[in-house]
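J.: Structure below; questions to follow.
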Amino acid sequence: MTEVPGLDVAGLAAWLTETHPELVDGPMEASVIAGGRSNLTYAVDGTRTPLIVRRPPLGHVLSSAHDMRREHRVISALAGTAVPVPRTVDVVDDTAAGRVTGTVFFVMERSPGIVLARPSQNSAYTAAGLRSLSIDLVRCLADLHAVAPADVGLADFGRPDGYLARQLSTWRRQLEASRSRDTPALDALQDSLADGMPHSSRTGIVHGDFRLDNALVVGDADEPRISAILDWEMATLGDPFVDLGIFALYWDIADLPGGSAGAVPSAVDLAAGYPTFDELVEVYAQRAGIGIPDLHWYRAFAAYKLAVILEGIHYRYQAGDTVGEGFDRMGALVEPLAQKGLEVR
């Protein structure tokens, strides 16, 4: 057994033996998968199928936040659709027993593949391969938005009516809770978004954080492909074009001012073979069989959302409530990112 923060490996082994004995196959080891900003992810080895355990952050108290059941539900519902997702095993409320995590946690099989998050990883693929991979990724997004929520048991997964207004209100409250200094560009972007909110013409399952490094990649240099889409903790029902806005932001993150690319690294590099985002929009439109509206508001909202997140990190850093490297640089990225949002808007 290995000891890892937030997970009792011996308790996990005992629980698996009792409830899923078909998965038990000898000594078990677990390790934290780095990179997540919220929920904790553990890789579990020594089982007949490599597993993943997801739990809320350490110190988490409120069961209504970081809803493990919700993430487990959407991944389970999408099994059998055209959207590649890991196969779920179980979801457990361990808050009373405290045998495994002391929280609600869920278990799923570990899908094969790697996460592409750095430009240096592109050398393993040809330019044609990276282009093909990008097209596969955006087709996954179109396929997700084509899933009828009621057909997969997700009719009550969110409230699509008034979705954009609620999103803007939620992030406005988040910004007000993180106030520690003047942010004129961010305030101007917030006002601009309130004035020109589009009318949502579609409703679908929204991933909420769709980007290349939230996917697993398999295949060789010439034909890499997506094996699974990960990190569904922000999924809901709403306007699917919000996903396109987020996708655009992270696809072009290296072009953003103020060192944003260093704070939010990405493997996307057009010189390596990745297509432009406009090309991906064309692929999405063809796959979905729809016309794409003006995405300027959605792209500006994505910049606003990330800027508010970074302002919150800056606020916690100033208060001494963050641990780790790089948090001292987050505050300097907020206004340049907001300014970029104003330009896109």
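Ordered as shown in the structure tokens, chains take letters A, B, and onward, while each chain numbers its residues from 1 and ligands are numbered from 1 in the order shown.
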Check which residues of stretch 57-125 of chain A sit at most 12 Å from stretch 37-53 of chain A using only C-alpha atoms, and return one row each with the closest pair of atoms and their distance in Å to one decimal, ordered by chain and rising number, as a Markdown table.
T.:
| residue | atom | partner | partner_atom | distance |
| --- | --- | --- | --- | --- |
| A:Pro57 | CA | A:Asn39 | CA | 5.1 |
| A:Leu58 | CA | A:Leu40 | CA | 8.0 |
| A:Gly59 | CA | A:Asn39 | CA | 11.3 |
| A:His60 | CA | A:Asn39 | CA | 9.8 |
| A:Ala65 | CA | A:Asn39 | CA | 10.3 |
| A:His66 | CA | A:Asn39 | CA | 6.9 |
| A:Asp67 | CA | A:Asn39 | CA | 9.4 |
| A:Met68 | CA | A:Asn39 | CA | 8.8 |
| A:Glu71 | CA | A:Asn39 | CA | 10.5 |
| A:His72 | CA | A:Val53 | CA | 10.9 |
| A:Pro86 | CA | A:Ile52 | CA | 9.4 |
| A:Arg87 | CA | A:Leu51 | CA | 9.8 |
| A:Thr88 | CA | A:Ile52 | CA | 9.2 |
| A:Val89 | CA | A:Leu51 | CA | 8.9 |
| A:Asp90 | CA | A:Val53 | CA | 9.8 |
| A:Val91 | CA | A:Val53 | CA | 9.7 |
| A:Val92 | CA | A:Val53 | CA | 10.8 |
| A:Val100 | CA | A:Val53 | CA | 10.2 |
| A:Thr101 | CA | A:Val53 | CA | 9.8 |
| A:Thr103 | CA | A:Leu40 | CA | 11.5 |
| A:Val104 | CA | A:Val53 | CA | 10.7 |
| A:Phe105 | CA | A:Val53 | CA | 6.9 |
| A:Phe106 | CA | A:Val53 | CA | 5.8 |
| A:Val107 | CA | A:Val53 | CA | 4.6 |
| A:Met108 | CA | A:Ile52 | CA | 5.3 |
| A:Glu109 | CA | A:Leu51 | CA | 4.5 |
| A:Arg110 | CA | A:Leu51 | CA | 4.8 |
| A:Ser111 | CA | A:Pro50 | CA | 8.3 |
| A:Pro112 | CA | A:Pro50 | CA | 9.4 |
J.: Among stretch 87-224 of chain A, which residues does DSSP mark as alpha helix (DSSP H) when it is run on the backbone? Keep the chain and numbering as in the structure and answer as number ranges by chain.
T.: A: 127-146, 163-177, 184-195
J.: Taking only stretch 95-156 of chain A into account, list the residues labelled strand (DSSP E or B) by DSSP (computed from the backbone), as a ChimeraX atom specification.
T.: /A:104-109,114
J.: Would you pick out the contacts of A:Val74 at 9 Å or less, using only C-alpha atoms, so that residues sharing its chain but fewer than 4 positions from it are not included, and give the list as a PDB file with N, CA, C and O atoms, in the first residue's frame?
T.:
ATOM      1  N   ARG A  69     -21.281  13.149  -7.323  1.00  0.00           N
ATOM      2  CA  ARG A  69     -22.385  12.418  -7.933  1.00  0.00           C
ATOM      3  C   ARG A  69     -22.757  13.015  -9.289  1.00  0.00           C
ATOM      4  O   ARG A  69     -23.102  12.291 -10.227  1.00  0.00           O
ATOM      5  N   ARG A  70     -22.670  14.318  -9.370  1.00  0.00           N
ATOM      6  CA  ARG A  70     -23.024  15.004 -10.612  1.00  0.00           C
ATOM      7  C   ARG A  70     -22.036  14.650 -11.732  1.00  0.00           C
ATOM      8  O   ARG A  70     -22.434  14.354 -12.856  1.00  0.00           O
ATOM      9  N   LEU A  78     -23.223   9.453 -20.644  1.00  0.00           N
ATOM     10  CA  LEU A  78     -22.672   9.580 -21.989  1.00  0.00           C
ATOM     11  C   LEU A  78     -22.068   8.280 -22.512  1.00  0.00           C
ATOM     12  O   LEU A  78     -21.705   8.191 -23.682  1.00  0.00           O
ATOM     13  N   ALA A  79     -21.952   7.278 -21.658  1.00  0.00           N
ATOM     14  CA  ALA A  79     -21.470   5.970 -22.116  1.00  0.00           C
ATOM     15  C   ALA A  79     -22.420   5.444 -23.185  1.00  0.00           C
ATOM     16  O   ALA A  79     -23.638   5.482 -23.027  1.00  0.00           O
ATOM     17  N   VAL A 152     -30.553  10.491 -22.662  1.00  0.00           N
ATOM     18  CA  VAL A 152     -29.541   9.830 -21.828  1.00  0.00           C
ATOM     19  C   VAL A 152     -29.825  10.045 -20.339  1.00  0.00           C
ATOM     20  O   VAL A 152     -28.937   9.875 -19.499  1.00  0.00           O
ATOM     21  N   LEU A 154     -30.682  12.891 -18.742  1.00  0.00           N
ATOM     22  CA  LEU A 154     -30.154  14.137 -18.185  1.00  0.00           C
ATOM     23  C   LEU A 154     -31.094  15.319 -18.388  1.00  0.00           C
ATOM     24  O   LEU A 154     -30.667  16.475 -18.379  1.00  0.00           O
ATOM     25  N   PHE A 157     -30.706  17.834 -15.622  1.00  0.00           N
ATOM     26  CA  PHE A 157     -29.316  18.040 -15.225  1.00  0.00           C
ATOM     27  C   PHE A 157     -28.968  19.515 -15.043  1.00  0.00           C
ATOM     28  O   PHE A 157     -27.931  19.846 -14.475  1.00  0.00           O
ATOM     29  N   TRP A 232     -15.368  16.670 -16.053  1.00  0.00           N
ATOM     30  CA  TRP A 232     -16.755  17.059 -16.298  1.00  0.00           C
ATOM     31  C   TRP A 232     -17.375  17.776 -15.104  1.00  0.00           C
ATOM     32  O   TRP A 232     -18.607  17.898 -15.024  1.00  0.00           O
ATOM     33  N   ALA A 235     -19.951  20.509 -15.900  1.00  0.00           N
ATOM     34  CA  ALA A 235     -20.972  20.198 -16.898  1.00  0.00           C
ATOM     35  C   ALA A 235     -22.368  20.559 -16.399  1.00  0.00           C
ATOM     36  O   ALA A 235     -22.678  20.461 -15.211  1.00  0.00           O
ATOM     37  N   THR A 236     -23.219  20.979 -17.343  1.00  0.00           N
ATOM     38  CA  THR A 236     -24.603  21.328 -17.032  1.00  0.00           C
ATOM     39  C   THR A 236     -25.384  21.366 -18.337  1.00  0.00           C
ATOM     40  O   THR A 236     -24.869  20.981 -19.391  1.00  0.00           O
TER      41      THR A 236
END
J.: Looking at only C-alpha atoms, which of A:Glu18, A:Asp255, A:Asp25, A:Glu311 is the one that sits closest to A:Ser180?
T.: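 Closest residue, counting only C-alpha atoms: A:Glu311.
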J.: Applying 9 Å and only C-alpha atoms, which residues near stretch 130-134 of chain A remain after dropping the ones on its own chain fewer than 2 positions away? List them as a PDB file with C-alpha atoms, in the first residue's frame.
T.:
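Output saved as out.pdb:
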ATOM      1  CA  ASN A 122       4.249  17.887 -30.229  1.00  0.00           C
ATOM      2  CA  TYR A 125       3.556  13.631 -33.855  1.00  0.00           C
ATOM      3  CA  THR A 126       3.614  14.703 -37.481  1.00  0.00           C
ATOM      4  CA  ALA A 127       1.997  17.961 -38.556  1.00  0.00           C
ATOM      5  CA  ALA A 128      -0.696  15.967 -40.354  1.00  0.00           C
ATOM      6  CA  ASP A 136     -11.163  14.675 -33.907  1.00  0.00           C
ATOM      7  CA  LEU A 137     -11.322  16.839 -30.794  1.00  0.00           C
ATOM      8  CA  VAL A 138     -13.749  19.404 -32.198  1.00  0.00           C
ATOM      9  CA  ARG A 139     -15.920  16.620 -33.619  1.00  0.00           C
ATOM     10  CA  LEU A 212      -7.082  19.997 -25.536  1.00  0.00           C
ATOM     11  CA  VAL A 217      -4.671  11.099 -26.725  1.00  0.00           C
ATOM     12  CA  ALA A 221       2.664   9.898 -34.822  1.00  0.00           C
ATOM     13  CA  ASP A 222       0.557  10.021 -37.979  1.00  0.00           C
ATOM     14  CA  GLU A 223      -2.834   9.087 -36.555  1.00  0.00           C
ATOM     15  CA  PRO A 224      -3.338  10.267 -32.979  1.00  0.00           C
ATOM     16  CA  ARG A 225      -6.932  10.366 -31.765  1.00  0.00           C
ATOM     17  CA  ILE A 226      -8.995  11.231 -28.708  1.00  0.00           C
ATOM     18  CA  ALA A 272       3.562  22.334 -35.393  1.00  0.00           C
ATOM     19  CA  GLY A 273       0.506  21.520 -37.496  1.00  0.00           C
ATOM     20  CA  TYR A 274      -2.502  22.521 -35.401  1.00  0.00           C
ATOM     21  CA  PRO A 275      -5.228  24.263 -37.467  1.00  0.00           C
ATOM     22  CA  LEU A 280     -12.121  24.139 -36.255  1.00  0.00           C
TER      23      LEU A 280
END
J.: I'd like to know which of A:Gly196, A:Gly238, A:Lys305, A:Ala117 is closest to A:Arg173, using only C-alpha atoms.
T.: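 Nearest candidate to A:Arg173 out of A:Gly196, A:Gly238, A:Lys305, A:Ala117: A:Lys305.
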J.: Do you have the atom CA of A:Ala302-atom CA of A:Ile246 distance handy?
T.: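 Distance reported for this atom pair: 5.2 Å.
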J.: Using only C-alpha atoms, find the one residue out of A:Arg73, A:Val115, A:Asp143, A:Leu337 that sits nearest to A:Val218.
T.: A:Val115
